[in-house]
$ cat structure29.cif   # mmCIF, C-alpha atoms
data_protein
#
loop_
_atom_site.label_atom_id
_atom_site.label_comp_id
_atom_site.auth_asym_id
_atom_site.auth_seq_id
_atom_site.Cartn_x
_atom_site.Cartn_y
_atom_site.Cartn_z
CA MET A 1 132.79 105.43 83.62
CA SER A 2 132.02 107.30 86.87
CA SER A 3 134.79 107.96 89.36
CA ALA A 4 134.32 106.48 92.85
CA PRO A 5 133.45 109.83 94.50
CA ASP A 6 130.96 110.66 91.75
CA ALA A 7 129.42 107.20 91.97
CA LEU A 8 128.98 107.53 95.74
CA LEU A 9 127.34 110.94 95.31
CA ASP A 10 125.00 109.40 92.72
CA LEU A 11 124.10 106.61 95.14
CA LEU A 12 123.49 109.07 97.98
CA ASP A 13 121.24 111.06 95.66
CA LEU A 14 119.40 107.84 94.82
CA LEU A 15 118.71 107.27 98.53
CA ASP A 16 117.56 110.86 99.10
CA LEU A 17 113.90 110.24 98.31
CA GLU A 18 111.50 112.99 97.29
CA GLN A 19 108.58 113.40 99.70
CA ILE A 20 105.43 113.96 97.64
CA GLU A 21 102.85 113.71 100.44
CA GLN A 22 102.75 112.79 104.11
CA ASP A 23 104.21 109.27 104.36
CA ILE A 24 104.54 108.99 100.57
CA PHE A 25 107.93 109.19 98.88
CA ARG A 26 109.26 108.83 95.35
CA GLY A 27 112.57 107.41 94.20
CA THR A 28 114.39 106.86 90.94
CA SER A 29 116.64 103.98 89.88
CA ARG A 30 120.08 103.39 88.48
CA SER A 31 121.12 100.91 85.82
CA ALA A 32 121.88 97.36 86.94
CA ILE A 33 123.61 94.33 85.44
CA VAL A 34 120.23 92.73 84.78
CA PRO A 35 117.32 94.63 83.15
CA ARG A 36 115.44 95.27 86.38
CA VAL A 37 115.82 97.38 89.49
CA PHE A 38 118.60 96.10 91.78
CA GLY A 39 116.99 94.54 94.86
CA GLY A 40 119.37 96.21 97.28
CA GLN A 41 118.35 99.58 95.90
CA VAL A 42 114.61 99.14 96.45
CA ALA A 43 115.23 97.66 99.93
CA ALA A 44 117.45 100.59 100.92
CA GLN A 45 115.02 103.16 99.53
CA ALA A 46 112.10 101.53 101.36
CA LEU A 47 114.08 101.67 104.61
CA VAL A 48 114.84 105.35 103.97
CA ALA A 49 111.11 105.98 103.55
CA ALA A 50 110.30 104.13 106.77
CA GLY A 51 113.10 105.83 108.71
CA ARG A 52 111.97 109.31 107.72
CA THR A 53 108.70 108.76 109.62
CA VAL A 54 110.48 107.67 112.83
CA PRO A 55 112.17 109.85 115.49
CA ALA A 56 115.93 110.08 115.00
CA ASP A 57 116.61 108.58 118.45
CA ARG A 58 115.07 105.25 117.35
CA PRO A 59 117.51 103.46 115.02
CA ALA A 60 116.42 100.53 112.88
CA HIS A 61 116.97 97.14 114.48
CA SER A 62 115.36 94.83 111.91
CA LEU A 63 113.70 94.57 108.52
CA HIS A 64 111.79 91.83 106.75
CA ALA A 65 110.99 92.18 103.06
CA TYR A 66 109.55 90.41 100.03
CA PHE A 67 110.40 91.08 96.40
CA LEU A 68 107.07 90.78 94.59
CA ARG A 69 107.73 91.84 90.99
CA ALA A 70 110.72 92.91 88.92
CA GLY A 71 111.15 96.68 89.08
CA ASP A 72 111.32 98.82 85.96
CA PRO A 73 114.55 100.89 86.11
CA GLY A 74 113.06 103.45 83.71
CA ALA A 75 110.12 104.39 85.92
CA PRO A 76 109.91 106.09 89.34
CA ILE A 77 109.06 104.02 92.41
CA VAL A 78 106.48 105.32 94.89
CA TYR A 79 106.94 104.27 98.53
CA SER A 80 103.88 104.41 100.78
CA VAL A 81 104.55 104.17 104.53
CA ASP A 82 102.00 102.77 106.97
CA ARG A 83 102.60 103.79 110.60
CA ILE A 84 101.73 100.44 112.15
CA ARG A 85 102.80 101.16 115.73
CA ASP A 86 104.45 103.83 117.85
CA GLY A 87 105.19 102.29 121.23
CA ARG A 88 107.24 103.48 124.17
CA SER A 89 110.29 101.47 123.08
CA PHE A 90 109.54 100.17 119.59
CA THR A 91 108.23 101.73 116.39
CA THR A 92 106.98 99.62 113.48
CA ARG A 93 106.54 100.70 109.88
CA ARG A 94 105.25 98.93 106.78
CA VAL A 95 106.28 100.14 103.33
CA VAL A 96 104.85 99.18 99.95
CA ALA A 97 106.79 100.11 96.81
CA VAL A 98 104.61 100.63 93.74
CA GLN A 99 105.34 100.93 90.02
CA HIS A 100 102.82 101.12 87.19
CA GLY A 101 100.00 100.71 89.72
CA GLN A 102 101.32 97.41 91.11
CA PRO A 103 103.28 96.59 94.27
CA ILE A 104 106.81 95.41 93.50
CA PHE A 105 108.21 95.22 97.04
CA HIS A 106 106.95 95.02 100.61
CA LEU A 107 108.96 95.84 103.73
CA SER A 108 108.30 95.77 107.46
CA ALA A 109 110.86 97.52 109.64
CA SER A 110 111.20 97.93 113.39
CA PHE A 111 112.99 100.72 115.25
CA GLN A 112 113.96 100.86 118.94
CA THR A 113 115.11 103.39 121.48
CA TYR A 114 118.55 102.59 122.92
CA GLU A 115 118.62 100.55 126.11
CA GLU A 116 121.11 98.50 128.13
CA GLY A 117 120.75 94.71 128.12
CA LEU A 118 122.44 91.31 128.06
CA GLU A 119 125.44 91.16 125.76
CA HIS A 120 127.10 88.34 123.80
CA GLN A 121 127.97 87.59 120.18
CA ALA A 122 129.40 84.98 117.84
CA ASP A 123 133.13 85.37 117.31
CA MET A 124 134.36 86.97 114.12
CA PRO A 125 135.85 84.37 111.72
CA ALA A 126 139.39 84.64 110.41
CA ALA A 127 139.81 86.82 107.32
CA PRO A 128 142.75 88.57 105.66
CA ASP A 129 143.29 92.30 105.98
CA PRO A 130 141.09 93.99 103.34
CA ASP A 131 143.95 96.25 102.27
CA THR A 132 145.81 93.15 101.03
CA LEU A 133 142.98 92.17 98.65
CA PRO A 134 142.41 93.41 95.09
CA THR A 135 139.74 95.99 94.33
CA ALA A 136 136.91 95.18 91.91
CA ALA A 137 138.67 97.16 89.18
CA GLU A 138 141.81 95.06 89.70
CA MET A 139 140.08 91.70 90.10
CA LEU A 140 137.22 91.65 87.56
CA PRO A 141 139.30 91.99 84.35
CA ARG A 142 141.05 88.71 85.26
CA TYR A 143 137.78 86.90 84.55
CA ALA A 144 136.75 88.70 81.36
CA ASP A 145 136.91 85.45 79.39
CA ARG A 146 134.19 83.91 81.62
CA PHE A 147 131.52 86.24 80.23
CA SER A 148 129.99 85.89 76.77
CA ASP A 149 129.16 89.62 76.80
CA PRO A 150 132.41 91.63 76.63
CA THR A 151 130.76 94.62 78.33
CA VAL A 152 129.96 92.74 81.56
CA VAL A 153 133.25 93.56 83.29
CA ASP A 154 132.88 97.29 82.71
CA ARG A 155 129.23 97.17 83.77
CA LEU A 156 130.08 95.28 86.96
CA ILE A 157 132.80 97.78 87.82
CA GLU A 158 130.41 100.67 87.10
CA ALA A 159 127.62 99.14 89.19
CA ARG A 160 129.96 98.77 92.18
CA ALA A 161 131.88 102.02 91.82
CA ALA A 162 130.24 103.58 94.90
CA VAL A 163 131.36 100.66 97.08
CA ASP A 164 134.82 99.20 97.59
CA LEU A 165 133.94 95.47 97.63
CA ARG A 166 136.79 92.97 97.86
CA TYR A 167 136.47 89.19 97.63
CA VAL A 168 138.57 87.13 100.03
CA ASP A 169 138.54 84.16 97.61
CA ALA A 170 137.64 83.89 93.94
CA PRO A 171 134.01 84.84 93.18
CA PRO A 172 131.65 82.22 91.68
CA PHE A 173 132.47 83.25 88.11
CA GLY A 174 136.15 82.68 88.89
CA THR A 175 135.76 78.94 89.54
CA VAL A 176 133.00 77.86 87.14
CA GLY A 177 132.65 74.08 87.04
CA GLU A 178 134.49 73.61 90.35
CA PRO A 179 132.09 73.07 93.29
CA ARG A 180 133.42 74.52 96.53
CA GLU A 181 132.38 74.83 100.13
CA PRO A 182 129.18 76.97 100.16
CA ARG A 183 130.84 79.87 101.92
CA SER A 184 132.04 83.27 100.76
CA GLN A 185 133.62 86.31 102.37
CA VAL A 186 133.89 89.87 101.13
CA TRP A 187 135.02 93.08 102.75
CA PHE A 188 133.16 96.26 101.85
CA ARG A 189 132.93 99.95 102.62
CA THR A 190 131.72 102.97 100.69
CA ASN A 191 134.21 104.69 98.41
CA GLY A 192 134.19 107.86 100.47
CA LYS A 193 133.08 109.19 103.84
CA LEU A 194 129.43 109.42 104.81
CA ALA A 195 127.57 111.82 107.09
CA ASP A 196 127.06 110.70 110.69
CA ASP A 197 123.34 109.91 110.26
CA PRO A 198 122.91 106.31 111.58
CA LEU A 199 119.96 105.70 109.21
CA LEU A 200 122.20 106.41 106.22
CA HIS A 201 124.75 103.80 107.31
CA VAL A 202 122.04 101.20 107.90
CA CYS A 203 120.48 101.90 104.49
CA MET A 204 123.86 101.73 102.77
CA ALA A 205 124.58 98.34 104.36
CA THR A 206 121.13 97.20 103.24
CA TYR A 207 121.99 98.25 99.68
CA VAL A 208 125.25 96.28 99.66
CA SER A 209 123.79 93.23 101.41
CA ASP A 210 121.97 92.13 98.24
CA MET A 211 125.10 92.14 96.05
CA THR A 212 126.77 88.84 97.01
CA LEU A 213 124.61 86.94 99.51
CA LEU A 214 123.59 84.16 97.14
CA ASP A 215 127.18 83.61 95.94
CA SER A 216 127.54 80.76 98.41
CA VAL A 217 124.62 78.93 96.76
CA LEU A 218 126.42 79.13 93.42
CA LEU A 219 129.76 78.02 94.87
CA ALA A 220 128.27 74.76 96.14
CA HIS A 221 127.40 73.77 92.57
CA GLY A 222 130.26 75.30 90.59
CA ARG A 223 127.95 77.82 88.95
CA GLY A 224 129.21 81.19 87.80
CA GLY A 225 126.09 83.28 88.23
CA TRP A 226 123.72 85.52 86.37
CA ALA A 227 126.45 87.33 84.40
CA VAL A 228 127.91 84.02 83.20
CA GLY A 229 124.47 82.75 82.26
CA ASP A 230 124.61 79.29 83.85
CA VAL A 231 121.82 80.15 86.31
CA VAL A 232 118.85 82.47 86.28
CA GLY A 233 117.31 83.89 89.41
CA ALA A 234 116.18 86.75 91.57
CA SER A 235 115.83 87.64 95.24
CA LEU A 236 112.62 86.43 96.88
CA ASP A 237 112.85 87.73 100.43
CA HIS A 238 115.37 89.49 102.63
CA ALA A 239 115.75 89.91 106.38
CA MET A 240 118.28 91.88 108.42
CA TRP A 241 118.89 92.43 112.12
CA PHE A 242 121.06 95.39 113.16
CA HIS A 243 122.74 94.44 116.43
CA ARG A 244 125.32 97.13 117.09
CA PRO A 245 126.26 100.54 115.70
CA PHE A 246 128.60 100.58 112.70
CA ARG A 247 129.75 102.82 109.89
CA ALA A 248 129.32 101.75 106.28
CA ASP A 249 132.29 103.91 105.29
CA GLU A 250 134.60 101.74 107.40
CA TRP A 251 135.57 98.15 106.55
CA LEU A 252 132.88 95.52 107.21
CA LEU A 253 133.39 91.77 106.78
CA TYR A 254 130.46 90.03 105.09
CA ASP A 255 130.76 86.34 106.06
CA GLN A 256 128.23 84.36 103.99
CA GLU A 257 127.15 80.74 103.68
CA SER A 258 124.36 78.65 102.18
CA PRO A 259 122.82 75.91 104.34
CA SER A 260 120.36 74.72 101.68
CA ALA A 261 119.20 74.81 98.08
CA SER A 262 116.11 72.97 96.84
CA GLY A 263 112.97 73.43 94.78
CA GLY A 264 114.56 76.05 92.53
CA ARG A 265 115.44 78.19 95.55
CA GLY A 266 118.67 78.84 97.43
CA LEU A 267 119.14 80.18 100.95
CA GLY A 268 121.95 82.46 102.00
CA GLN A 269 122.73 83.55 105.55
CA ALA A 270 125.45 85.86 106.74
CA ARG A 271 126.98 87.88 109.53
CA ILE A 272 128.53 91.29 109.05
CA TYR A 273 131.35 92.31 111.41
CA THR A 274 133.21 95.54 111.98
CA GLN A 275 136.96 95.36 111.43
CA ASP A 276 137.54 95.29 115.19
CA GLY A 277 135.36 92.18 115.56
CA ARG A 278 131.93 93.45 116.64
CA LEU A 279 128.94 91.60 115.18
CA ALA A 280 126.95 94.41 113.55
CA ILE A 281 124.33 92.72 111.35
CA THR A 282 122.78 89.33 110.61
CA VAL A 283 121.31 88.76 107.13
CA ILE A 284 119.19 85.98 105.64
CA GLN A 285 117.90 85.83 102.08
CA GLU A 286 116.21 83.29 99.84
CA GLY A 287 116.29 83.60 96.08
CA VAL A 288 115.18 81.81 92.97
CA VAL A 289 118.17 79.92 91.59
CA ARG A 290 117.29 77.95 88.47
CA VAL A 291 119.47 76.10 86.02
CA PRO A 292 118.62 77.04 82.39
CA ARG A 293 116.69 74.33 80.57
CA SER A 294 119.52 73.88 78.08
CA ASP A 295 121.66 72.60 80.99
#
$ encode --input "structure29.cif" --output "structure tokens"
Amino acid sequence: MSSAPDALLDLLDLLDLEQIEQDIFRGTSRSAIVPRVFGGQVAAQALVAAGRTVPADRPAHSLHAYFLRAGDPGAPIVYSVDRIRDGRSFTTRRVVAVQHGQPIFHLSASFQTYEEGLEHQADMPAAPDPDTLPTAAEMLPRYADRFSDPTVVDRLIEARAAVDLRYVDAPPFGTVGEPREPRSQVWFRTNGKLADDPLLHVCMATYVSDMTLLDSVLLAHGRGGWAVGDVVGASLDHAMWFHRPFRADEWLLYDQESPSASGGRGLGQARIYTQDGRLAITVIQEGVVRVPRSD
């Protein structure tokens, strides 16, 4: 099992795309809990590709993406960037991720030069100090009996080794069969310091944002999740708005809730705050959430 520093270096290497032609980049994948490319990975890599075609003084302020097909973790992903617009204040990029000759992911991202403006934000909700909460390596073994596959705990720990992600309350697989309020909180930060490049911090937050956002959908119905096997699903679309500067190597509170589930789909929405209470990011995602036919 990789150590946290090694895992972070591996993740940083994953986000350091190879440029193979002007506006064309190639990335590789890492193993995931399910036999497909992790959605947060392809979203983060696509944002890296877009950001590398934009001046450094224009940070990302939003992204909107669709997951089109399951990615093959054994094959490279080619990211083609379309320079939609270069305006005086805003820059827009469109990215298509391709595997085996087919698009698997589509992203539109917007970047903006810094400017002064009106200022307000929603207040940060109450949450315990992250240093008082158990790490994934401390928490996950407590729920080993919830998984039919005995390797799931080790694979979950391995998949999250680059990120220190701490649940405020029990995760969905910790309260299977007990419906709860459709709300979940986690604290997260990278397991090690990052360079000062703002694009890197935005891409790292994008990577993490796909890990737990649909948990609140599961909580409302007492479902444990994909690793438990009482639901099947996948991300459909993903949107993020980056409001204020932040560092992904410092604690961020991911406050998540689900306002609706219907038609085999569940919606998650969330706000991400810095530890000192600044609203940094808003996230919305819809995913397929289906109950297996045997249920």
$ atom_distance --input "structure29.cif" --atom1 "atom CA of Arg52 of chain A" --atom2 "atom CA of Ala70 of chain A"
25.0 Å
$ resolve_selection --input "structure29.cif" --expression "the PyMOL selection byres ((chain A and resi 285) around 10)" --output "PDB file with C-alpha atoms, in the frame of the given file"
ATOM      1  CA  HIS A  64     111.790  91.830 106.750  1.00  0.00           C
ATOM      2  CA  ALA A  65     110.990  92.180 103.060  1.00  0.00           C
ATOM      3  CA  TYR A  66     109.550  90.410 100.030  1.00  0.00           C
ATOM      4  CA  SER A 209     123.790  93.230 101.410  1.00  0.00           C
ATOM      5  CA  ASP A 210     121.970  92.130  98.240  1.00  0.00           C
ATOM      6  CA  LEU A 213     124.610  86.940  99.510  1.00  0.00           C
ATOM      7  CA  LEU A 214     123.590  84.160  97.140  1.00  0.00           C
ATOM      8  CA  SER A 235     115.830  87.640  95.240  1.00  0.00           C
ATOM      9  CA  LEU A 236     112.620  86.430  96.880  1.00  0.00           C
ATOM     10  CA  ASP A 237     112.850  87.730 100.430  1.00  0.00           C
ATOM     11  CA  HIS A 238     115.370  89.490 102.630  1.00  0.00           C
ATOM     12  CA  ALA A 239     115.750  89.910 106.380  1.00  0.00           C
ATOM     13  CA  MET A 240     118.280  91.880 108.420  1.00  0.00           C
ATOM     14  CA  SER A 258     124.360  78.650 102.180  1.00  0.00           C
ATOM     15  CA  GLY A 266     118.670  78.840  97.430  1.00  0.00           C
ATOM     16  CA  LEU A 267     119.140  80.180 100.950  1.00  0.00           C
ATOM     17  CA  GLY A 268     121.950  82.460 102.000  1.00  0.00           C
ATOM     18  CA  GLN A 269     122.730  83.550 105.550  1.00  0.00           C
ATOM     19  CA  ALA A 270     125.450  85.860 106.740  1.00  0.00           C
ATOM     20  CA  VAL A 283     121.310  88.760 107.130  1.00  0.00           C
ATOM     21  CA  ILE A 284     119.190  85.980 105.640  1.00  0.00           C
ATOM     22  CA  GLU A 286     116.210  83.290  99.840  1.00  0.00           C
ATOM     23  CA  GLY A 287     116.290  83.600  96.080  1.00  0.00           C
TER      24      GLY A 287
END
$ closest_residue --input "structure29.cif" --among "A:Thr92, A:Gln112, A:Thr53, A:Gln121" --to "Gly277 of chain A" --atoms "all atoms listed in the file"
A:Gln121
$ atom_distance --input "structure29.cif" --atom1 "atom CA of Leu199 of chain A" --atom2 "atom CA of Tyr114 of chain A"
14.1 Å
$ residues_around --input "structure29.cif" --residues "Glu119 of chain A" --least-positions-apart "4" --cutoff "12 Å" --atoms "all atoms listed in the file" --output "short mmCIF file (atom, residue, chain, number, x, y, z; two decimals) with C-alpha atoms, keeping the file's coordinate frame"
data_model
loop_
_atom_site.label_atom_id
_atom_site.label_comp_id
_atom_site.auth_asym_id
_atom_site.auth_seq_id
_atom_site.Cartn_x
_atom_site.Cartn_y
_atom_site.Cartn_z
CA GLU A 115 118.62 100.55 126.11
CA HIS A 243 122.74 94.44 116.43
CA ARG A 244 125.32 97.13 117.09
CA ARG A 278 131.93 93.45 116.64
CA LEU A 279 128.94 91.60 115.18
#
$ resolve_selection --input "structure29.cif" --expression "the PyMOL selection byres ((chain A and resi 143-149) around 10)" --output "PyMOL selection string"
chain A and resi 139-142+150-154+170-171+173-176+224+226-229
$ atom_distance --input "structure29.cif" --atom1 "atom CA of Ala261 of chain A" --atom2 "atom CA of Val217 of chain A"
6.9 Å
$ residues_around --input "structure29.cif" --residues "Trp187 of chain A" --least-positions-apart "3" --cutoff "10 Å" --atoms "all atoms listed in the file" --output "JSON list (two decimals) with C-alpha atoms, in the frame of the given file"
[["chain", "number", "residue", "atom", "x", "y", "z"],
["A", 127, "ALA", "CA", 139.81, 86.82, 107.32],
["A", 128, "PRO", "CA", 142.75, 88.57, 105.66],
["A", 129, "ASP", "CA", 143.29, 92.30, 105.98],
["A", 130, "PRO", "CA", 141.09, 93.99, 103.34],
["A", 131, "ASP", "CA", 143.95, 96.25, 102.27],
["A", 133, "LEU", "CA", 142.98, 92.17, 98.65],
["A", 164, "ASP", "CA", 134.82, 99.20, 97.59],
["A", 165, "LEU", "CA", 133.94, 95.47, 97.63],
["A", 166, "ARG", "CA", 136.79, 92.97, 97.86],
["A", 167, "TYR", "CA", 136.47, 89.19, 97.63],
["A", 168, "VAL", "CA", 138.57, 87.13, 100.03],
["A", 250, "GLU", "CA", 134.60, 101.74, 107.40],
["A", 251, "TRP", "CA", 135.57, 98.15, 106.55],
["A", 252, "LEU", "CA", 132.88, 95.52, 107.21],
["A", 253, "LEU", "CA", 133.39, 91.77, 106.78],
["A", 254, "TYR", "CA", 130.46, 90.03, 105.09],
["A", 255, "ASP", "CA", 130.76, 86.34, 106.06],
["A", 272, "ILE", "CA", 128.53, 91.29, 109.05],
["A", 273, "TYR", "CA", 131.35, 92.31, 111.41],
["A", 274, "THR", "CA", 133.21, 95.54, 111.98],
["A", 275, "GLN", "CA", 136.96, 95.36, 111.43]]
$ closest_residue --input "structure29.cif" --among "A:Ala122, A:Ala60, A:Val289, A:Val42" --to "Trp241 of chain A" --atoms "all atoms listed in the file"
A:Ala60
$ residues_near_point --input "structure29.cif" --point "(103.7, 99.4, 110.8)" --cutoff "7 Å" --atoms "all atoms listed in the file" --output "short mmCIF file (atom, residue, chain, number, x, y, z; two decimals) with C-alpha atoms, in the coordinates of the input"
data_model
loop_
_atom_site.label_atom_id
_atom_site.label_comp_id
_atom_site.auth_asym_id
_atom_site.auth_seq_id
_atom_site.Cartn_x
_atom_site.Cartn_y
_atom_site.Cartn_z
CA ASP A 82 102.00 102.77 106.97
CA ARG A 83 102.60 103.79 110.60
CA ILE A 84 101.73 100.44 112.15
CA ARG A 85 102.80 101.16 115.73
CA THR A 92 106.98 99.62 113.48
CA ARG A 93 106.54 100.70 109.88
CA ARG A 94 105.25 98.93 106.78
CA SER A 108 108.30 95.77 107.46
#
$ residues_around --input "structure29.cif" --residues "Ile77 of chain A" --least-positions-apart "6" --cutoff "9 Å" --atoms "all atoms listed in the file" --output "JSON, numbers by chain"
{"A": [25, 26, 27, 28, 29, 42, 71, 97, 98, 99, 100, 104]}
$ write_last_selection --input "structure29.cif" --atoms "C-alpha atoms" --output "JSON list (two decimals), in the coordinates of the input"
[["chain", "number", "residue", "atom", "x", "y", "z"],
["A", 25, "PHE", "CA", 107.93, 109.19, 98.88],
["A", 26, "ARG", "CA", 109.26, 108.83, 95.35],
["A", 27, "GLY", "CA", 112.57, 107.41, 94.20],
["A", 28, "THR", "CA", 114.39, 106.86, 90.94],
["A", 29, "SER", "CA", 116.64, 103.98, 89.88],
["A", 42, "VAL", "CA", 114.61, 99.14, 96.45],
["A", 71, "GLY", "CA", 111.15, 96.68, 89.08],
["A", 97, "ALA", "CA", 106.79, 100.11, 96.81],
["A", 98, "VAL", "CA", 104.61, 100.63, 93.74],
["A", 99, "GLN", "CA", 105.34, 100.93, 90.02],
["A", 100, "HIS", "CA", 102.82, 101.12, 87.19],
["A", 104, "ILE", "CA", 106.81, 95.41, 93.50]]
$ resolve_selection --input "structure29.cif" --expression "the PyMOL selection byres ((chain A and resi 208) around 10)" --output "list in words"
Gly39, Gly40, Gln41, Ala44, Arg160, Val163, Leu165, Phe188, Arg189, Thr190, Cys203, Met204, Ala205, Thr206, Tyr207, Ser209, Asp210, Met211, Thr212, Leu213, Ala248 and Tyr254 of chain A
$ closest_residue --input "structure29.cif" --among "A:Phe111, A:Asp249, A:Ala43, A:Thr282" --to "Ala195 of chain A" --atoms "all atoms listed in the file"
A:Asp249
$ closest_residue --input "structure29.cif" --among "A:Arg88, A:His221, A:His106, A:Arg265" --to "Gly177 of chain A" --atoms "only C-alpha atoms"
A:His221
$ residues_near_point --input "structure29.cif" --point "(120.6, 78.3, 87.1)" --cutoff "10 Å" --atoms "only C-alpha atoms" --output "list in words"
Leu218, His221, Arg223, Gly224, Gly225, Trp226, Gly229, Asp230, Val231, Val232, Gly233, Gly264, Arg265, Val288, Val289, Arg290, Val291, Pro292, Arg293 and Asp295 of chain A
$ closest_residue --input "structure29.cif" --among "A:Ala162, A:Ala220, A:Ala49, A:Ala280" --to "Asp10 of chain A" --atoms "only C-alpha atoms"
A:Ala162
$ build_atoms --input "structure29.cif" --residues "segment 244-264 of chain A" --atoms "N, CA and C atoms" --output "PDB file, in the coordinates of the input"
ATOM      1  N   ARG A 244     124.448  96.136 116.458  1.00  0.00           N
ATOM      2  CA  ARG A 244     125.320  97.130 117.090  1.00  0.00           C
ATOM      3  C   ARG A 244     125.629  98.247 116.098  1.00  0.00           C
ATOM      4  N   PRO A 245     125.943  99.434 116.611  1.00  0.00           N
ATOM      5  CA  PRO A 245     126.260 100.540 115.700  1.00  0.00           C
ATOM      6  C   PRO A 245     127.477 100.222 114.830  1.00  0.00           C
ATOM      7  N   PHE A 246     127.492 100.771 113.635  1.00  0.00           N
ATOM      8  CA  PHE A 246     128.600 100.580 112.700  1.00  0.00           C
ATOM      9  C   PHE A 246     128.596 101.737 111.723  1.00  0.00           C
ATOM     10  N   ARG A 247     129.661 101.838 110.972  1.00  0.00           N
ATOM     11  CA  ARG A 247     129.750 102.820 109.890  1.00  0.00           C
ATOM     12  C   ARG A 247     129.974 102.074 108.583  1.00  0.00           C
ATOM     13  N   ALA A 248     129.183 102.396 107.579  1.00  0.00           N
ATOM     14  CA  ALA A 248     129.320 101.750 106.280  1.00  0.00           C
ATOM     15  C   ALA A 248     130.485 102.315 105.478  1.00  0.00           C
ATOM     16  N   ASP A 249     131.102 103.384 105.965  1.00  0.00           N
ATOM     17  CA  ASP A 249     132.290 103.910 105.290  1.00  0.00           C
ATOM     18  C   ASP A 249     133.580 103.404 105.933  1.00  0.00           C
ATOM     19  N   GLU A 250     133.451 102.425 106.827  1.00  0.00           N
ATOM     20  CA  GLU A 250     134.600 101.740 107.400  1.00  0.00           C
ATOM     21  C   GLU A 250     134.454 100.250 107.072  1.00  0.00           C
ATOM     22  N   TRP A 251     135.582  99.536 107.015  1.00  0.00           N
ATOM     23  CA  TRP A 251     135.570  98.150 106.550  1.00  0.00           C
ATOM     24  C   TRP A 251     134.606  97.286 107.359  1.00  0.00           C
ATOM     25  N   LEU A 252     133.795  96.501 106.631  1.00  0.00           N
ATOM     26  CA  LEU A 252     132.880  95.520 107.210  1.00  0.00           C
ATOM     27  C   LEU A 252     133.116  94.180 106.536  1.00  0.00           C
ATOM     28  N   LEU A 253     133.201  93.128 107.321  1.00  0.00           N
ATOM     29  CA  LEU A 253     133.390  91.770 106.780  1.00  0.00           C
ATOM     30  C   LEU A 253     132.027  91.103 106.635  1.00  0.00           C
ATOM     31  N   TYR A 254     131.720  90.686 105.411  1.00  0.00           N
ATOM     32  CA  TYR A 254     130.460  90.030 105.090  1.00  0.00           C
ATOM     33  C   TYR A 254     130.749  88.539 104.954  1.00  0.00           C
ATOM     34  N   ASP A 255     130.463  87.771 106.001  1.00  0.00           N
ATOM     35  CA  ASP A 255     130.760  86.340 106.060  1.00  0.00           C
ATOM     36  C   ASP A 255     129.479  85.579 105.720  1.00  0.00           C
ATOM     37  N   GLN A 256     129.457  84.910 104.554  1.00  0.00           N
ATOM     38  CA  GLN A 256     128.230  84.360 103.990  1.00  0.00           C
ATOM     39  C   GLN A 256     128.325  82.858 103.783  1.00  0.00           C
ATOM     40  N   GLU A 257     127.194  82.168 103.939  1.00  0.00           N
ATOM     41  CA  GLU A 257     127.150  80.740 103.680  1.00  0.00           C
ATOM     42  C   GLU A 257     125.752  80.342 103.233  1.00  0.00           C
ATOM     43  N   SER A 258     125.653  79.170 102.619  1.00  0.00           N
ATOM     44  CA  SER A 258     124.360  78.650 102.180  1.00  0.00           C
ATOM     45  C   SER A 258     124.114  77.295 102.827  1.00  0.00           C
ATOM     46  N   PRO A 259     123.115  77.200 103.717  1.00  0.00           N
ATOM     47  CA  PRO A 259     122.820  75.910 104.340  1.00  0.00           C
ATOM     48  C   PRO A 259     121.962  74.995 103.489  1.00  0.00           C
ATOM     49  N   SER A 260     121.301  75.551 102.436  1.00  0.00           N
ATOM     50  CA  SER A 260     120.360  74.720 101.680  1.00  0.00           C
ATOM     51  C   SER A 260     120.050  75.326 100.325  1.00  0.00           C
ATOM     52  N   ALA A 261     119.804  74.440  99.357  1.00  0.00           N
ATOM     53  CA  ALA A 261     119.200  74.810  98.080  1.00  0.00           C
ATOM     54  C   ALA A 261     118.291  73.666  97.674  1.00  0.00           C
ATOM     55  N   SER A 262     117.069  73.991  97.271  1.00  0.00           N
ATOM     56  CA  SER A 262     116.110  72.970  96.840  1.00  0.00           C
ATOM     57  C   SER A 262     114.922  73.659  96.195  1.00  0.00           C
ATOM     58  N   GLY A 263     114.208  72.904  95.353  1.00  0.00           N
ATOM     59  CA  GLY A 263     112.970  73.430  94.780  1.00  0.00           C
ATOM     60  C   GLY A 263     113.144  74.674  93.936  1.00  0.00           C
ATOM     61  N   GLY A 264     114.320  74.855  93.323  1.00  0.00           N
ATOM     62  CA  GLY A 264     114.560  76.050  92.530  1.00  0.00           C
ATOM     63  C   GLY A 264     114.853  77.284  93.352  1.00  0.00           C
TER      64      GLY A 264
END
